[in-house]
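Asker: This is run.cif (mmCIF, C-alpha atoms).
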data_data
#
loop_
_atom_site.group_PDB
_atom_site.id
_atom_site.type_symbol
_atom_site.label_atom_id
_atom_site.label_comp_id
_atom_site.auth_asym_id
_atom_site.auth_seq_id
_atom_site.Cartn_x
_atom_site.Cartn_y
_atom_site.Cartn_z
ATOM 1 C CA MET A 1 98.949 -111.528 155.392
ATOM 2 C CA ALA A 2 96.866 -109.954 158.132
ATOM 3 C CA PHE A 3 96.798 -106.176 158.428
ATOM 4 C CA SER A 4 95.469 -103.980 161.211
ATOM 5 C CA PRO A 5 91.682 -103.528 161.297
ATOM 6 C CA LEU A 6 91.776 -99.981 159.894
ATOM 7 C CA VAL A 7 94.142 -100.929 157.046
ATOM 8 C CA ASN A 8 91.830 -103.833 156.179
ATOM 9 C CA GLN A 9 88.832 -101.496 156.274
ATOM 10 C CA LEU A 10 90.582 -99.035 153.950
ATOM 11 C CA ILE A 11 91.473 -101.810 151.495
ATOM 12 C CA GLU A 12 87.885 -103.079 151.487
ATOM 13 C CA ALA A 13 86.511 -99.533 151.114
ATOM 14 C CA LEU A 14 88.676 -98.938 148.021
ATOM 15 C CA ARG A 15 87.300 -102.101 146.430
ATOM 16 C CA VAL A 16 83.918 -100.434 145.862
ATOM 17 C CA LEU A 17 85.483 -98.654 142.885
ATOM 18 C CA PRO A 18 84.958 -100.359 139.500
ATOM 19 C CA GLY A 19 87.894 -102.427 138.304
ATOM 20 C CA VAL A 20 89.659 -102.329 141.672
ATOM 21 C CA GLY A 21 90.438 -105.789 142.970
ATOM 22 C CA PRO A 22 92.149 -106.807 146.216
ATOM 23 C CA LYS A 23 95.723 -106.213 145.004
ATOM 24 C CA SER A 24 94.946 -102.807 143.454
ATOM 25 C CA ALA A 25 93.070 -101.735 146.581
ATOM 26 C CA GLN A 26 96.003 -102.836 148.724
ATOM 27 C CA ARG A 27 98.465 -100.854 146.582
ATOM 28 C CA MET A 28 96.265 -97.750 146.772
ATOM 29 C CA ALA A 29 95.848 -98.046 150.529
ATOM 30 C CA PHE A 30 99.590 -98.467 151.088
ATOM 31 C CA HIS A 31 100.356 -95.551 148.773
ATOM 32 C CA LEU A 32 97.975 -93.241 150.654
ATOM 33 C CA LEU A 33 99.255 -94.324 154.060
ATOM 34 C CA GLU A 34 102.971 -94.383 153.223
ATOM 35 C CA ARG A 35 103.488 -91.611 150.671
ATOM 36 C CA GLU A 36 100.396 -89.451 150.216
ATOM 37 C CA ARG A 37 98.696 -88.737 153.524
ATOM 38 C CA GLU A 38 98.039 -85.102 152.590
ATOM 39 C CA GLY A 39 96.490 -86.262 149.314
ATOM 40 C CA GLY A 40 94.476 -88.822 151.262
ATOM 41 C CA HIS A 41 93.047 -86.081 153.499
ATOM 42 C CA LYS A 42 92.170 -84.001 150.420
ATOM 43 C CA LEU A 43 90.569 -87.056 148.785
ATOM 44 C CA ALA A 44 88.535 -87.820 151.910
ATOM 45 C CA HIS A 45 87.349 -84.205 152.226
ATOM 46 C CA THR A 46 86.449 -83.870 148.544
ATOM 47 C CA LEU A 47 84.696 -87.246 148.485
ATOM 48 C CA SER A 48 82.678 -86.344 151.574
ATOM 49 C CA SER A 49 81.683 -82.968 150.089
ATOM 50 C CA ALA A 50 80.769 -84.481 146.725
ATOM 51 C CA LEU A 51 78.623 -87.197 148.308
ATOM 52 C CA LYS A 52 76.731 -84.553 150.304
ATOM 53 C CA GLN A 53 76.359 -81.882 147.625
ATOM 54 C CA VAL A 54 76.271 -83.531 144.182
ATOM 55 C CA GLY A 55 72.867 -84.563 142.919
ATOM 56 C CA HIS A 56 71.153 -84.699 139.546
ATOM 57 C CA CYS A 57 70.232 -81.875 137.205
ATOM 58 C CA GLU A 58 66.448 -81.454 137.288
ATOM 59 C CA GLN A 59 66.297 -81.234 133.506
ATOM 60 C CA CYS A 60 68.858 -83.670 132.065
ATOM 61 C CA ARG A 61 69.697 -85.822 135.122
ATOM 62 C CA THR A 62 73.477 -85.510 134.833
ATOM 63 C CA LEU A 63 75.549 -85.002 137.973
ATOM 64 C CA CYS A 64 75.822 -81.464 139.322
ATOM 65 C CA GLU A 65 75.522 -79.578 142.579
ATOM 66 C CA ASN A 66 72.950 -77.015 141.407
ATOM 67 C CA ARG A 67 69.323 -77.279 140.311
ATOM 68 C CA LEU A 68 70.439 -77.190 136.656
ATOM 69 C CA CYS A 69 73.781 -78.217 135.174
ATOM 70 C CA LEU A 70 75.945 -75.832 133.131
ATOM 71 C CA VAL A 71 74.760 -77.301 129.797
ATOM 72 C CA CYS A 72 71.059 -76.917 130.626
ATOM 73 C CA GLU A 73 71.645 -73.358 131.875
ATOM 74 C CA ASP A 74 73.512 -72.366 128.696
ATOM 75 C CA GLY A 75 71.256 -70.178 126.554
ATOM 76 C CA ASN A 76 73.576 -70.628 123.576
ATOM 77 C CA ARG A 77 72.850 -74.362 123.345
ATOM 78 C CA ASP A 78 70.224 -75.715 120.944
ATOM 79 C CA HIS A 79 67.522 -76.763 123.415
ATOM 80 C CA SER A 80 65.460 -78.353 120.629
ATOM 81 C CA LEU A 81 68.171 -80.989 120.016
ATOM 82 C CA LEU A 82 68.209 -83.682 122.724
ATOM 83 C CA CYS A 83 70.949 -86.315 122.967
ATOM 84 C CA ILE A 84 70.062 -89.371 125.044
ATOM 85 C CA VAL A 85 72.945 -91.179 126.747
ATOM 86 C CA GLU A 86 73.230 -94.003 129.279
ATOM 87 C CA GLY A 87 75.237 -92.161 131.946
ATOM 88 C CA PRO A 88 77.017 -88.935 132.955
ATOM 89 C CA GLY A 89 80.346 -90.233 131.625
ATOM 90 C CA HIS A 90 78.842 -90.316 128.148
ATOM 91 C CA VAL A 91 77.907 -86.633 128.411
ATOM 92 C CA ALA A 92 81.547 -85.875 129.216
ATOM 93 C CA ALA A 93 82.732 -87.945 126.226
ATOM 94 C CA ILE A 94 80.424 -86.137 123.786
ATOM 95 C CA GLU A 95 81.232 -82.722 125.252
ATOM 96 C CA HIS A 96 84.937 -83.485 124.847
ATOM 97 C CA THR A 97 84.460 -83.685 121.058
ATOM 98 C CA GLY A 98 83.326 -80.046 120.929
ATOM 99 C CA GLY A 99 81.029 -80.937 118.033
ATOM 100 C CA TYR A 100 77.637 -81.112 119.736
ATOM 101 C CA ARG A 101 75.715 -77.976 120.711
ATOM 102 C CA GLY A 102 72.414 -79.473 121.873
ATOM 103 C CA VAL A 103 71.341 -80.615 125.341
ATOM 104 C CA TYR A 104 71.155 -84.036 126.997
ATOM 105 C CA PHE A 105 68.991 -86.518 128.799
ATOM 106 C CA VAL A 106 70.847 -89.036 130.963
ATOM 107 C CA LEU A 107 69.256 -92.450 131.381
ATOM 108 C CA SER A 108 70.038 -94.568 134.412
ATOM 109 C CA GLY A 109 71.711 -97.234 132.263
ATOM 110 C CA HIS A 110 69.885 -99.325 129.665
ATOM 111 C CA LEU A 111 66.946 -101.683 129.427
ATOM 112 C CA SER A 112 67.703 -105.194 130.648
ATOM 113 C CA PRO A 113 64.570 -107.231 131.390
ATOM 114 C CA ILE A 114 66.648 -110.199 132.557
ATOM 115 C CA ASP A 115 68.078 -107.962 135.317
ATOM 116 C CA GLY A 116 64.689 -106.433 136.128
ATOM 117 C CA ILE A 117 65.582 -103.082 134.523
ATOM 118 C CA GLY A 118 62.589 -101.751 132.655
ATOM 119 C CA PRO A 119 61.537 -98.338 131.301
ATOM 120 C CA GLU A 120 60.744 -96.863 134.730
ATOM 121 C CA GLU A 121 64.173 -97.814 136.124
ATOM 122 C CA ILE A 122 66.013 -95.914 133.371
ATOM 123 C CA GLY A 123 63.923 -92.745 133.665
ATOM 124 C CA MET A 124 61.359 -93.041 130.868
ATOM 125 C CA HIS A 125 58.740 -91.158 132.905
ATOM 126 C CA GLU A 126 61.028 -88.103 133.113
ATOM 127 C CA LEU A 127 61.976 -88.434 129.432
ATOM 128 C CA LEU A 128 58.307 -88.494 128.401
ATOM 129 C CA ARG A 129 57.706 -85.334 130.421
ATOM 130 C CA ARG A 130 60.647 -83.693 128.627
ATOM 131 C CA LEU A 131 59.364 -84.779 125.211
ATOM 132 C CA GLN A 132 55.882 -83.440 125.962
ATOM 133 C CA SER A 133 57.279 -79.959 126.643
ATOM 134 C CA GLY A 134 56.961 -79.236 122.912
ATOM 135 C CA GLN A 135 60.494 -77.857 122.755
ATOM 136 C CA ILE A 136 62.260 -80.938 121.305
ATOM 137 C CA ARG A 137 62.449 -81.292 117.486
ATOM 138 C CA GLU A 138 65.099 -84.055 117.275
ATOM 139 C CA VAL A 139 66.321 -86.778 119.607
ATOM 140 C CA VAL A 140 69.811 -88.198 119.039
ATOM 141 C CA LEU A 141 70.121 -91.702 120.497
ATOM 142 C CA ALA A 142 73.677 -92.206 121.736
ATOM 143 C CA THR A 143 73.358 -95.398 123.752
ATOM 144 C CA ASN A 144 76.134 -97.983 123.701
ATOM 145 C CA ALA A 145 76.603 -100.327 120.749
ATOM 146 C CA THR A 146 75.676 -103.356 122.865
ATOM 147 C CA VAL A 147 72.618 -105.586 122.612
ATOM 148 C CA GLU A 148 71.066 -103.748 125.575
ATOM 149 C CA GLY A 149 72.065 -100.331 124.233
ATOM 150 C CA GLU A 150 70.560 -101.100 120.814
ATOM 151 C CA ALA A 151 67.341 -102.424 122.384
ATOM 152 C CA THR A 152 67.106 -99.285 124.517
ATOM 153 C CA ALA A 153 67.650 -97.066 121.462
ATOM 154 C CA TYR A 154 64.946 -98.845 119.454
ATOM 155 C CA TYR A 155 62.489 -98.686 122.347
ATOM 156 C CA ILE A 156 63.077 -94.961 122.863
ATOM 157 C CA ALA A 157 62.973 -94.286 119.091
ATOM 158 C CA ASP A 158 59.480 -95.807 118.914
ATOM 159 C CA VAL A 159 58.316 -93.616 121.795
ATOM 160 C CA VAL A 160 59.925 -90.496 120.293
ATOM 161 C CA LYS A 161 58.439 -91.091 116.833
ATOM 162 C CA SER A 162 54.990 -91.661 118.345
ATOM 163 C CA LYS A 163 55.231 -88.079 119.671
ATOM 164 C CA GLY A 164 55.963 -86.746 116.152
ATOM 165 C CA ILE A 165 59.607 -85.999 116.981
ATOM 166 C CA GLN A 166 62.516 -86.974 114.731
ATOM 167 C CA ALA A 167 64.685 -89.783 116.159
ATOM 168 C CA THR A 168 68.254 -90.299 114.929
ATOM 169 C CA ARG A 169 70.998 -92.726 115.980
ATOM 170 C CA ILE A 170 74.698 -91.955 116.195
ATOM 171 C CA ALA A 171 76.756 -93.635 113.468
ATOM 172 C CA TYR A 172 79.139 -96.509 114.073
ATOM 173 C CA GLY A 173 82.042 -97.628 111.974
ATOM 174 C CA ILE A 174 85.681 -97.149 111.235
ATOM 175 C CA PRO A 175 87.525 -94.900 113.700
ATOM 176 C CA VAL A 176 89.380 -91.882 112.326
ATOM 177 C CA GLY A 177 92.871 -93.036 111.415
ATOM 178 C CA GLY A 178 91.797 -96.690 111.591
ATOM 179 C CA ASP A 179 93.326 -99.342 109.333
ATOM 180 C CA LEU A 180 90.754 -101.721 107.808
ATOM 181 C CA GLU A 181 93.083 -104.661 108.370
ATOM 182 C CA TYR A 182 92.780 -104.236 112.128
ATOM 183 C CA ILE A 183 89.064 -103.421 112.414
ATOM 184 C CA ASP A 184 86.898 -106.155 113.931
ATOM 185 C CA GLY A 185 84.341 -107.803 111.661
ATOM 186 C CA GLY A 186 81.292 -106.506 113.501
ATOM 187 C CA THR A 187 82.436 -102.881 113.272
ATOM 188 C CA LEU A 188 83.341 -103.250 109.602
ATOM 189 C CA ALA A 189 79.989 -104.894 108.794
ATOM 190 C CA LYS A 190 78.140 -102.066 110.578
ATOM 191 C CA ALA A 191 80.184 -99.452 108.707
ATOM 192 C CA LEU A 192 79.333 -101.091 105.372
ATOM 193 C CA ALA A 193 75.630 -101.417 106.209
ATOM 194 C CA ASP A 194 75.380 -97.772 107.337
ATOM 195 C CA ARG A 195 77.394 -96.260 104.489
ATOM 196 C CA SER A 196 76.322 -92.819 103.224
ATOM 197 C CA ASN A 197 76.646 -90.778 100.031
ATOM 198 C CA ILE A 198 79.651 -88.509 99.548
#
For the structure just supplied, provide its representation as structure tokens.
Answerer:
Amino acid sequence: MAFSPLVNQLIEALRVLPGVGPKSAQRMAFHLLEREREGGHKLAHTLSSALKQVGHCEQCRTLCENRLCLVCEDGNRDHSLLCIVEGPGHVAAIEHTGGYRGVYFVLSGHLSPIDGIGPEEIGMHELLRRLQSGQIREVVLATNATVEGEATAYYIADVVKSKGIQATRIAYGIPVGGDLEYIDGGTLAKALADRSNI
């Protein structure tokens, strides 16, 4: 069905979001236009402000609107413990646990030579500068448990160890409350291989 030019433009604009296909974009557009115009105005204003004002923290590269993010500014954090993640969403996930008191370095994704993504594209130059500050005693590698994430972790671990800094990797295995019967084979094999003393 053909819609007016502006409705079509709105539908297409909403499709830039990850996981939003034509039908989802159409539903969102109709919802904003039919039931939530005030919310649509607020969304447009906030999106415009965020696009103009949000940049990257000069120290960890997460998203923020100041020179340094709240974590990097926090004097109560352990600034000698550096957790390396693939994106800002991973910082939020780790912070949500409440169990980590160090600081972060946010890569711009992971290494993927087939896609032309090498060390410079993920921010290795900035990471090296951070490591050479002499403040870091341990680097926690918290990249995804994918082939690319593992390759990125191993690459960074080699660099970190060459600087005389301890490199650790987050553990993988059985989720809390998980039933072994329903755990996939790869996760179970990793949990068995990385078992620890109790």
Asker: Please identify all polymer residues within 8 Å of Ile84 in chain A, counting only C-alpha atoms, omitting same-chain residues fewer than 3 positions from it, and present them as a list in words.
Answerer: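 Listing them by chain and then by number gives Tyr104, Phe105, Val106, Leu107, Val139, Val140, Leu141, Ala142 and Thr143 of chain A.
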Asker: Just the selected residues (C-alpha atoms), exported as an mmCIF file, in the frame of the given file, please.
Answerer:
data_model
loop_
_atom_site.group_PDB
_atom_site.id
_atom_site.type_symbol
_atom_site.label_atom_id
_atom_site.label_comp_id
_atom_site.auth_asym_id
_atom_site.auth_seq_id
_atom_site.Cartn_x
_atom_site.Cartn_y
_atom_site.Cartn_z
ATOM 1 C CA TYR A 104 71.155 -84.036 126.997
ATOM 2 C CA PHE A 105 68.991 -86.518 128.799
ATOM 3 C CA VAL A 106 70.847 -89.036 130.963
ATOM 4 C CA LEU A 107 69.256 -92.450 131.381
ATOM 5 C CA VAL A 139 66.321 -86.778 119.607
ATOM 6 C CA VAL A 140 69.811 -88.198 119.039
ATOM 7 C CA LEU A 141 70.121 -91.702 120.497
ATOM 8 C CA ALA A 142 73.677 -92.206 121.736
ATOM 9 C CA THR A 143 73.358 -95.398 123.752
#
Asker: Take the PyMOL selection byres ((chain A and resi 135) around 10), apply it to the structure above, and return the hits as a list in words.
Answerer: His79, Ser80, Leu81, Leu82, Arg130, Leu131, Gln132, Ser133, Gly134, Ile136, Arg137 and Glu138 of chain A
Asker: Using the chain letters and numbers from the file, which residues does the PyMOL selection byres ((chain A and resi 123) around 10) grab, as a VMD selection string?
Answerer: chain A and resid 61 105 to 110 118 to 122 124 to 128
Asker: For the selection you just gave me, I'd like the residues written to a file as a short mmCIF file (atom, residue, chain, number, x, y, z; two decimals), in the frame of the given file, keeping C-alpha atoms.
Answerer:
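What landed in selection_17.cif:
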data_model
loop_
_atom_site.label_atom_id
_atom_site.label_comp_id
_atom_site.auth_asym_id
_atom_site.auth_seq_id
_atom_site.Cartn_x
_atom_site.Cartn_y
_atom_site.Cartn_z
CA ARG A 61 69.70 -85.82 135.12
CA PHE A 105 68.99 -86.52 128.80
CA VAL A 106 70.85 -89.04 130.96
CA LEU A 107 69.26 -92.45 131.38
CA SER A 108 70.04 -94.57 134.41
CA GLY A 109 71.71 -97.23 132.26
CA HIS A 110 69.89 -99.32 129.66
CA GLY A 118 62.59 -101.75 132.66
CA PRO A 119 61.54 -98.34 131.30
CA GLU A 120 60.74 -96.86 134.73
CA GLU A 121 64.17 -97.81 136.12
CA ILE A 122 66.01 -95.91 133.37
CA MET A 124 61.36 -93.04 130.87
CA HIS A 125 58.74 -91.16 132.90
CA GLU A 126 61.03 -88.10 133.11
CA LEU A 127 61.98 -88.43 129.43
CA LEU A 128 58.31 -88.49 128.40
#
Asker: Grab the CA of Glu65 in chain A to CA of Lys42 in chain A distance for me, in Å with one decimal place.
Answerer: 18.9 Å
Asker: Hey, which of A:Gly102, A:Leu43, A:Gly75, A:Leu10 ends up closest to Arg27 in chain A? Count all atoms listed in the file.
Answerer: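 For Arg27 in chain A, the nearest of the candidates is A:Leu10.
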Asker: For Tyr100 in chain A, list every protein, DNA or RNA residue within 10 Å, evaluated using all atoms listed in the file, and leave out those in the same chain fewer than 4 positions away; present the list as a list in words.
Answerer: Arg77, Asp78, Leu81, Cys83, Ile94, Glu95 and His96 of chain A
Asker: For Cys69 in chain A, which residue out of A:Gly55, A:Gly39, A:Pro18, A:Gly186 is the nearest one, using only C-alpha atoms?
Answerer: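 With only C-alpha atoms as the atom set, the closest residue is A:Gly55.
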Asker: Rank nothing, just name the residue among A:Cys72, A:Asn144, A:His41, A:Val20 nearest to Arg101 in chain A, using all atoms listed in the file.
Answerer: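 Smallest distance to Arg101 in chain A is found for A:Cys72.
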Asker: Which value, in Å to one decimal, gives the distance between CA of Thr97 in chain A and CA of Val176 in chain A?
Answerer: 12.9 Å
Asker: Mind pulling up the distance from CA of Leu111 in chain A to CA of Arg169 in chain A?
Answerer: 16.7 Å
